[in-house]
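Next comes protein_25.pdb, with PDB, C-alpha atoms.
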ATOM      1  CA  MET C   2      -1.630  -9.997  37.961
ATOM      2  CA  GLU C   3      -4.096 -11.292  35.358
ATOM      3  CA  ILE C   4      -1.363 -11.669  32.735
ATOM      4  CA  LEU C   5       0.835 -13.595  35.210
ATOM      5  CA  LEU C   6      -2.055 -15.908  36.075
ATOM      6  CA  VAL C   7      -2.847 -16.495  32.406
ATOM      7  CA  LYS C   8       0.797 -17.256  31.602
ATOM      8  CA  THR C   9       1.004 -19.698  34.530
ATOM      9  CA  VAL C  10      -2.142 -21.551  33.475
ATOM     10  CA  GLN C  11      -0.878 -21.676  29.890
ATOM     11  CA  THR C  12       2.396 -23.213  31.006
ATOM     12  CA  LEU C  13       0.603 -25.919  32.959
ATOM     13  CA  LEU C  14      -1.997 -26.773  30.315
ATOM     14  CA  LEU C  15       0.042 -26.540  27.124
ATOM     15  CA  PRO C  16       2.556 -29.137  25.883
ATOM     16  CA  PRO C  17       4.607 -30.484  27.551
ATOM     17  CA  GLY C  18       3.269 -29.128  30.851
ATOM     18  CA  LEU C  19      -0.046 -30.984  30.713
ATOM     19  CA  MET C  20       1.643 -34.286  29.896
ATOM     20  CA  ILE C  21       4.119 -33.875  32.752
ATOM     21  CA  LEU C  22       1.286 -33.076  35.165
ATOM     22  CA  LEU C  23      -0.648 -36.148  34.058
ATOM     23  CA  MET C  24       2.346 -38.430  34.500
ATOM     24  CA  LEU C  25       3.246 -36.905  37.865
ATOM     25  CA  ALA C  26      -0.322 -37.212  39.116
ATOM     26  CA  GLY C  27      -0.479 -40.788  37.859
ATOM     27  CA  TYR C  28       2.743 -41.674  39.654
ATOM     28  CA  LEU C  29       1.490 -40.179  42.930
ATOM     29  CA  LEU C  30      -1.921 -41.855  42.656
ATOM     30  CA  ALA C  31      -0.649 -45.297  41.629
ATOM     31  CA  PRO C  32      -0.022 -46.641  45.181
ATOM     32  CA  ARG C  33      -3.600 -45.901  46.312
ATOM     33  CA  LEU C  34      -5.518 -46.008  43.011
ATOM     34  CA  PRO C  35      -3.491 -48.303  40.764
ATOM     35  CA  ARG C  36      -5.883 -48.329  37.810
ATOM     36  CA  THR C  37      -6.401 -44.541  37.810
ATOM     37  CA  GLY C  38      -2.709 -43.889  38.333
ATOM     38  CA  LYS C  39      -1.629 -46.191  35.517
ATOM     39  CA  THR C  40      -4.240 -44.690  33.190
ATOM     40  CA  MET C  41      -2.986 -41.169  33.856
ATOM     41  CA  LEU C  42       0.638 -42.244  33.429
ATOM     42  CA  PHE C  43      -0.127 -43.923  30.125
ATOM     43  CA  THR C  44      -2.268 -41.015  28.889
ATOM     44  CA  GLY C  45       0.422 -38.448  29.656
ATOM     45  CA  PHE C  46       3.115 -40.535  28.004
ATOM     46  CA  ALA C  47       0.954 -41.309  24.952
ATOM     47  CA  LEU C  48       0.082 -37.646  24.450
ATOM     48  CA  LEU C  49       3.732 -36.651  24.768
ATOM     49  CA  VAL C  50       4.748 -39.180  22.116
ATOM     50  CA  LEU C  51       1.848 -38.246  19.838
ATOM     51  CA  LEU C  52       2.569 -34.527  19.978
ATOM     52  CA  SER C  53       6.251 -35.139  19.235
ATOM     53  CA  LEU C  54       5.483 -36.649  15.819
ATOM     54  CA  PRO C  55       5.997 -34.335  12.797
ATOM     55  CA  ILE C  56       3.037 -35.890  10.977
ATOM     56  CA  VAL C  57       0.725 -34.928  13.849
ATOM     57  CA  ALA C  58       2.142 -31.397  13.985
ATOM     58  CA  LYS C  59       1.498 -30.882  10.275
ATOM     59  CA  MET C  60      -2.044 -32.186  10.550
ATOM     60  CA  ASN C  61      -2.778 -29.894  13.482
ATOM     61  CA  LEU C  62      -1.336 -26.863  11.704
ATOM     62  CA  ARG C  63      -4.001 -27.215   9.041
ATOM     63  CA  LEU C  64      -6.521 -26.109  11.635
ATOM     64  CA  LEU C  65      -4.831 -22.703  11.810
ATOM     65  CA  GLU C  66      -2.874 -22.039   8.624
ATOM     66  CA  THR C  67      -5.985 -21.534   6.516
ATOM     67  CA  ASP C  68      -5.131 -18.161   4.974
ATOM     68  CA  THR C  69      -2.927 -18.107   1.897
ATOM     69  CA  ALA C  70      -0.097 -15.689   1.272
ATOM     70  CA  LEU C  71      -0.909 -12.357  -0.350
ATOM     71  CA  SER C  72      -1.105 -12.719  -4.120
ATOM     72  CA  PRO C  73       0.999 -10.745  -6.628
ATOM     73  CA  ALA C  74      -2.228  -9.185  -7.924
ATOM     74  CA  GLU C  75      -3.129  -7.920  -4.450
ATOM     75  CA  LEU C  76       0.326  -6.482  -3.917
ATOM     76  CA  ALA C  77       0.362  -4.820  -7.341
ATOM     77  CA  GLN C  78      -2.796  -2.903  -6.424
ATOM     78  CA  PRO C  79      -2.986  -2.909  -2.621
ATOM     79  CA  THR C  80      -6.430  -2.551  -1.104
ATOM     80  CA  ALA C  81      -5.298  -1.875   2.480
ATOM     81  CA  GLN C  82      -4.456   1.513   3.934
ATOM     82  CA  ALA C  83      -1.673   0.492   6.322
ATOM     83  CA  ILE C  84       0.574  -2.379   7.383
ATOM     84  CA  VAL C  85       0.265  -3.542  11.000
ATOM     85  CA  ILE C  86       3.090  -5.745  12.309
ATOM     86  CA  LEU C  87       2.481  -7.625  15.552
ATOM     87  CA  ALA C  88       5.235  -8.277  18.059
ATOM     88  CA  GLY C  89       5.970 -11.915  18.849
ATOM     89  CA  GLY C  90       8.406 -11.876  21.729
ATOM     90  CA  ARG C  91      11.921 -10.724  22.571
ATOM     91  CA  ASN C  92      15.380 -12.040  23.393
ATOM     92  CA  SER C  93      16.378 -10.355  26.635
ATOM     93  CA  ASP C  94      19.963  -9.377  27.435
ATOM     94  CA  ALA C  95      21.316 -10.746  24.154
ATOM     95  CA  PRO C  96      25.107 -10.994  24.697
ATOM     96  CA  GLU C  97      25.907 -10.574  21.001
ATOM     97  CA  TYR C  98      24.179  -7.175  21.098
ATOM     98  CA  GLY C  99      25.959  -5.911  24.193
ATOM     99  CA  ASN C 100      23.421  -7.486  26.571
ATOM    100  CA  ALA C 101      20.649  -5.351  25.094
ATOM    101  CA  ASP C 102      17.175  -6.660  24.294
ATOM    102  CA  THR C 103      16.390  -7.596  20.713
ATOM    103  CA  VAL C 104      13.493  -9.212  18.883
ATOM    104  CA  SER C 105      12.801 -12.939  18.915
ATOM    105  CA  THR C 106      12.916 -15.134  15.828
ATOM    106  CA  LEU C 107       9.141 -14.928  15.442
ATOM    107  CA  THR C 108       9.149 -11.145  15.660
ATOM    108  CA  LEU C 109      12.029 -10.882  13.199
ATOM    109  CA  GLU C 110      10.097 -12.959  10.655
ATOM    110  CA  ARG C 111       7.191 -10.549  10.957
ATOM    111  CA  VAL C 112       9.385  -7.460  10.724
ATOM    112  CA  ARG C 113      11.150  -8.753   7.645
ATOM    113  CA  TYR C 114       7.892  -9.536   5.851
ATOM    114  CA  GLY C 115       6.407  -6.199   6.910
ATOM    115  CA  ALA C 116       9.428  -4.441   5.433
ATOM    116  CA  TRP C 117       9.025  -6.398   2.204
ATOM    117  CA  LEU C 118       5.343  -5.445   2.021
ATOM    118  CA  HIS C 119       6.188  -1.794   2.560
ATOM    119  CA  ARG C 120       8.700  -1.776  -0.289
ATOM    120  CA  LEU C 121       6.072  -3.261  -2.611
ATOM    121  CA  THR C 122       3.099  -1.175  -1.522
ATOM    122  CA  ARG C 123       4.608   1.981   0.034
ATOM    123  CA  LEU C 124       1.936   1.799   2.723
ATOM    124  CA  PRO C 125       2.667   3.269   6.196
ATOM    125  CA  ILE C 126       3.742   0.867   8.951
ATOM    126  CA  LEU C 127       2.412   0.500  12.486
ATOM    127  CA  VAL C 128       4.276  -1.753  14.924
ATOM    128  CA  THR C 129       2.479  -2.978  18.030
ATOM    129  CA  GLY C 130       3.796  -4.662  21.169
ATOM    130  CA  GLY C 131       4.455  -3.604  24.719
ATOM    131  CA  ASN C 132       6.247  -5.112  27.685
ATOM    132  CA  VAL C 133       4.529  -7.915  29.563
ATOM    133  CA  PHE C 134       6.406  -8.010  32.892
ATOM    134  CA  ASP C 135       9.258  -5.498  33.167
ATOM    135  CA  PRO C 136       8.346  -1.860  32.360
ATOM    136  CA  SER C 137      11.987  -0.834  32.622
ATOM    137  CA  ARG C 138      12.780  -2.654  29.397
ATOM    138  CA  PRO C 139      11.972  -1.192  25.973
ATOM    139  CA  ALA C 140       8.634  -2.169  24.484
ATOM    140  CA  GLU C 141       8.744  -4.800  21.767
ATOM    141  CA  ALA C 142       7.379  -2.229  19.332
ATOM    142  CA  GLU C 143      10.420  -0.055  20.032
ATOM    143  CA  LEU C 144      12.746  -2.978  19.266
ATOM    144  CA  MET C 145      10.866  -3.544  16.012
ATOM    145  CA  GLN C 146      11.088   0.122  15.138
ATOM    146  CA  ASP C 147      14.859   0.079  15.695
ATOM    147  CA  ILE C 148      15.293  -2.779  13.232
ATOM    148  CA  LEU C 149      13.032  -1.235  10.593
ATOM    149  CA  THR C 150      14.664   2.184  10.775
ATOM    150  CA  GLN C 151      18.300   1.240  11.416
ATOM    151  CA  GLU C 152      18.679  -2.035   9.510
ATOM    152  CA  TYR C 153      16.033  -1.744   6.778
ATOM    153  CA  GLN C 154      16.118   2.066   6.537
ATOM    154  CA  LEU C 155      12.324   2.203   6.507
ATOM    155  CA  PRO C 156      10.081   4.652   8.368
ATOM    156  CA  VAL C 157       7.649   3.585  11.075
ATOM    157  CA  GLN C 158       4.567   5.796  11.028
ATOM    158  CA  TRP C 159       2.975   4.658  14.296
ATOM    159  CA  LEU C 160       4.217   3.004  17.463
ATOM    160  CA  GLU C 161       1.920   1.156  19.898
ATOM    161  CA  THR C 162       3.749   0.251  23.111
ATOM    162  CA  LYS C 163       1.068  -0.537  25.725
ATOM    163  CA  SER C 164      -0.248  -3.940  24.628
ATOM    164  CA  ARG C 165       0.538  -7.220  26.379
ATOM    165  CA  ASN C 166      -1.370  -9.680  24.206
ATOM    166  CA  SER C 167      -2.979  -9.886  20.781
ATOM    167  CA  TRP C 168      -6.293  -8.518  21.997
ATOM    168  CA  GLU C 169      -4.611  -5.434  23.407
ATOM    169  CA  ASN C 170      -2.580  -5.184  20.188
ATOM    170  CA  ALA C 171      -5.883  -4.863  18.370
ATOM    171  CA  SER C 172      -7.570  -2.499  20.814
ATOM    172  CA  PHE C 173      -4.724   0.009  21.109
ATOM    173  CA  THR C 174      -3.931  -0.176  17.393
ATOM    174  CA  HIS C 175      -7.536   0.642  16.575
ATOM    175  CA  GLU C 176      -7.338   3.743  18.757
ATOM    176  CA  ILE C 177      -4.286   4.983  16.841
ATOM    177  CA  LEU C 178      -5.546   4.165  13.357
ATOM    178  CA  ASN C 179      -9.027   5.488  14.033
ATOM    179  CA  GLU C 180      -7.565   8.941  14.573
ATOM    180  CA  ALA C 181      -5.803   8.633  11.201
ATOM    181  CA  GLY C 182      -8.998   7.562   9.449
ATOM    182  CA  ILE C 183      -7.635   4.090   8.641
ATOM    183  CA  THR C 184     -10.041   1.149   8.745
ATOM    184  CA  ARG C 185      -8.510  -1.496   6.449
ATOM    185  CA  ILE C 186      -5.121  -3.077   7.194
ATOM    186  CA  TYR C 187      -2.653  -5.739   6.184
ATOM    187  CA  LEU C 188      -2.133  -7.763   9.362
ATOM    188  CA  VAL C 189       1.362  -9.254   9.519
ATOM    189  CA  THR C 190       2.016 -12.199  11.797
ATOM    190  CA  GLN C 191       2.816 -15.916  11.626
ATOM    191  CA  ALA C 192       0.361 -17.958   9.566
ATOM    192  CA  PHE C 193      -0.631 -20.028  12.611
ATOM    193  CA  HIS C 194      -1.374 -16.836  14.568
ATOM    194  CA  ILE C 195      -3.566 -15.206  11.917
ATOM    195  CA  PRO C 196      -6.937 -16.683  13.059
ATOM    196  CA  ARG C 197      -6.620 -15.431  16.649
ATOM    197  CA  ALA C 198      -5.145 -12.090  15.654
ATOM    198  CA  LYS C 199      -7.746 -11.548  12.938
ATOM    199  CA  MET C 200     -10.536 -12.365  15.392
ATOM    200  CA  ALA C 201      -9.252  -9.708  17.795
ATOM    201  CA  PHE C 202      -8.677  -6.989  15.197
ATOM    202  CA  GLU C 203     -12.043  -7.503  13.530
ATOM    203  CA  ALA C 204     -13.778  -7.486  16.920
ATOM    204  CA  VAL C 205     -12.515  -3.958  17.628
ATOM    205  CA  GLY C 206     -13.737  -2.686  14.257
ATOM    206  CA  LEU C 207     -10.831  -2.986  11.810
ATOM    207  CA  GLU C 208     -11.153  -4.626   8.420
ATOM    208  CA  VAL C 209      -8.363  -7.186   8.134
ATOM    209  CA  ILE C 210      -6.530  -8.513   5.095
ATOM    210  CA  PRO C 211      -4.378 -11.354   6.443
ATOM    211  CA  ALA C 212      -0.697 -11.067   5.545
ATOM    212  CA  PRO C 213       0.665 -14.350   6.936
ATOM    213  CA  THR C 214       4.333 -15.238   7.055
ATOM    214  CA  GLY C 215       6.415 -18.057   8.543
ATOM    215  CA  PHE C 216       4.256 -20.922   7.292
ATOM    216  CA  LEU C 217       5.029 -24.156   9.161
ATOM    217  CA  SER C 218       2.675 -26.522   7.360
ATOM    218  CA  GLY C 219       4.659 -26.780   4.142
ATOM    219  CA  ASP C 220       6.355 -29.925   2.946
ATOM    220  CA  GLY C 221       9.674 -28.906   4.498
ATOM    221  CA  ASP C 222      12.573 -30.929   3.142
ATOM    222  CA  GLY C 223      11.031 -32.656   0.154
ATOM    223  CA  GLU C 224      13.914 -35.129  -0.015
ATOM    224  CA  ALA C 225      13.493 -36.368   3.549
ATOM    225  CA  PRO C 226      12.203 -39.966   3.845
ATOM    226  CA  LEU C 227       8.564 -40.290   4.850
ATOM    227  CA  VAL C 228       9.564 -42.396   7.845
ATOM    228  CA  LEU C 229      11.000 -39.299   9.531
ATOM    229  CA  GLU C 230       7.471 -37.895   9.773
ATOM    230  CA  PHE C 231       6.689 -40.670  12.253
ATOM    231  CA  LEU C 232       9.770 -40.279  14.438
ATOM    232  CA  PRO C 233       9.572 -38.011  17.518
ATOM    233  CA  ASN C 234      11.448 -34.710  17.529
ATOM    234  CA  VAL C 235      11.498 -31.516  19.558
ATOM    235  CA  ALA C 236      10.383 -29.316  16.656
ATOM    236  CA  ALA C 237       7.059 -31.152  16.477
ATOM    237  CA  ILE C 238       6.417 -30.560  20.182
ATOM    238  CA  LYS C 239       7.127 -26.863  19.681
ATOM    239  CA  THR C 240       4.768 -26.706  16.706
ATOM    240  CA  ASN C 241       2.014 -28.463  18.620
ATOM    241  CA  TYR C 242       2.614 -26.035  21.476
ATOM    242  CA  TYR C 243       1.882 -23.173  19.056
ATOM    243  CA  VAL C 244      -1.292 -24.894  17.857
ATOM    244  CA  ALA C 245      -2.567 -25.555  21.376
ATOM    245  CA  HIS C 246      -1.648 -22.012  22.445
ATOM    246  CA  GLU C 247      -3.646 -20.477  19.605
ATOM    247  CA  LEU C 248      -6.708 -22.645  20.139
ATOM    248  CA  MET C 249      -6.668 -22.008  23.874
ATOM    249  CA  GLY C 250      -6.169 -18.306  23.221
ATOM    250  CA  MET C 251      -9.230 -18.090  20.970
ATOM    251  CA  VAL C 252     -11.360 -19.753  23.631
ATOM    252  CA  TRP C 253      -9.967 -17.419  26.303
ATOM    253  CA  TYR C 254     -10.618 -14.318  24.224
ATOM    254  CA  ARG C 255     -14.255 -15.302  23.756
ATOM    255  CA  LEU C 256     -14.647 -15.852  27.488
ATOM    256  CA  ARG C 257     -12.668 -12.791  28.578
ATOM    257  CA  TYR C 258     -13.371 -10.084  26.006
ATOM    258  CA  PHE C 259     -16.481 -10.833  23.950
TER     259      PHE C 259
END
File written out as structure tokens:
Amino acid sequence: MEILLVKTVQTLLLPPGLMILLMLAGYLLAPRLPRTGKTMLFTGFALLVLLSLPIVAKMNLRLLETDTALSPAELAQPTAQAIVILAGGRNSDAPEYGNADTVSTLTLERVRYGAWLHRLTRLPILVTGGNVFDPSRPAEAELMQDILTQEYQLPVQWLETKSRNSWENASFTHEILNEAGITRIYLVTQAFHIPRAKMAFEAVGLEVIPAPTGFLSGDGDGEAPLVLEFLPNVAAIKTNYYVAHELMGMVWYRLRYF
């Protein structure tokens, strides 16, 4: 029930939900409170436009994508004891895979980079991710394991299938690795997700070396005219959704778990 409530609140407070709520409330209030209603309508619309601009998305990403990629020197002489790959969602009932569940784009990025790290370092892999709503479906960690073993032909040493968020990823992973005497890990996830994930894993007692992938704050298409950075697009809204989700998540973790 808590997870459902959290997901509902997230949907309402994150882009574009918050902007839609503001505009709807402004529209309903306008007949009785014209000034308040118009202010809310304008605020919701202005925020929606602002968060749809690529230039704003890139600026906001700098708040989160603060860790650099692992260096060649680090990978030549790895200082971690294991590679932990976090789940990042699923595609349910994918028709191209016979209506079976498979990993989402975010998860696939993490799995691919985790596989690459393993080939360079030969460190054991732990995949972590459960099932948020439907226990009859395979855990996300199981989907990740299938890809690593069947498509990359790489072994998965540990499987954590109970977690429903990044904090639980950290808590249950620590239980598994503690039994194996492992305290220092490469943490594989999207660059924008590293701060929240690192906070959770360090809070439970693991020493984290960030292994970010899927950077979104790069220059992108270097040949694209600068003017396109100031034109609204859906990708910018999605990026700003990620930023707001991570910042809200860090606040929630401090209120809920610390």
Given all atoms listed in the file, how would the per-residue table for stretch 18-125 of chain C near stretch 210-220 of chain C read, listing every residue at most 9 Å away with its closest atom pair and distance in Å to one decimal, sorted by chain and number, as CSV?
residue,atom,partner,partner_atom,distance
C:Ala58,CA,C:Ser218,CA,8.2
C:Lys59,CA,C:Ser218,CA,5.4
C:Met60,CA,C:Ser218,CA,8.0
C:Asn61,CA,C:Ser218,CA,8.9
C:Leu62,CA,C:Ser218,CA,5.9
C:Arg63,CA,C:Ser218,CA,6.9
C:Glu66,CA,C:Ser218,CA,7.2
C:Asp68,CA,C:Pro211,CA,7.0
C:Thr69,CA,C:Pro213,CA,7.2
C:Ala70,CA,C:Pro213,CA,5.9
C:Leu71,CA,C:Ala212,CA,6.0
C:Thr80,CA,C:Ile210,CA,8.6
C:Ala81,CA,C:Ile210,CA,7.2
C:Ile84,CA,C:Ala212,CA,9.0
C:Leu107,CA,C:Gly215,CA,8.1
C:Glu110,CA,C:Gly215,CA,6.6
C:Arg111,CA,C:Thr214,CA,6.7
C:Tyr114,CA,C:Thr214,CA,6.8
C:Gly115,CA,C:Ala212,CA,8.7
C:Leu118,CA,C:Ala212,CA,9.0
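Distance check against C:Leu76 using all atoms listed in the file: of C:Asn100, C:Tyr187, C:Arg91, C:Val50, the minimum falls on C:Tyr187.
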What is the atom CA of C:Leu34 to atom CA of C:Leu48 distance in Å? 21.1 Å
Can you tell me, as number ranges by chain, what residues are no more than 6 Å from stretch 229-235 of chain C when counting only C-alpha atoms, ignoring any on the same chain fewer than 4 positions away? C: 53-56
Apply the PyMOL selection byres ((chain C and resi 133-135) around 10) to the displayed file and report the matching residues as a tab-separated table (two decimals) with C-alpha atoms, keeping the file's coordinate frame.
chain	number	residue	atom	x	y	z
C	2	MET	CA	-1.63	-10.00	37.96
C	4	ILE	CA	-1.36	-11.67	32.74
C	5	LEU	CA	0.84	-13.60	35.21
C	90	GLY	CA	8.41	-11.88	21.73
C	130	GLY	CA	3.80	-4.66	21.17
C	131	GLY	CA	4.46	-3.60	24.72
C	132	ASN	CA	6.25	-5.11	27.68
C	136	PRO	CA	8.35	-1.86	32.36
C	137	SER	CA	11.99	-0.83	32.62
C	138	ARG	CA	12.78	-2.65	29.40
C	139	PRO	CA	11.97	-1.19	25.97
C	140	ALA	CA	8.63	-2.17	24.48
C	141	GLU	CA	8.74	-4.80	21.77
C	163	LYS	CA	1.07	-0.54	25.72
C	164	SER	CA	-0.25	-3.94	24.63
C	165	ARG	CA	0.54	-7.22	26.38
C	166	ASN	CA	-1.37	-9.68	24.21
Within 12 Å of C:Glu152, counting only C-alpha atoms, which residues show up once you throw out same-chain ones fewer than 6 positions away? Write them as a PyMOL selection string, please. chain C and resi 109+112-113+116+144-146
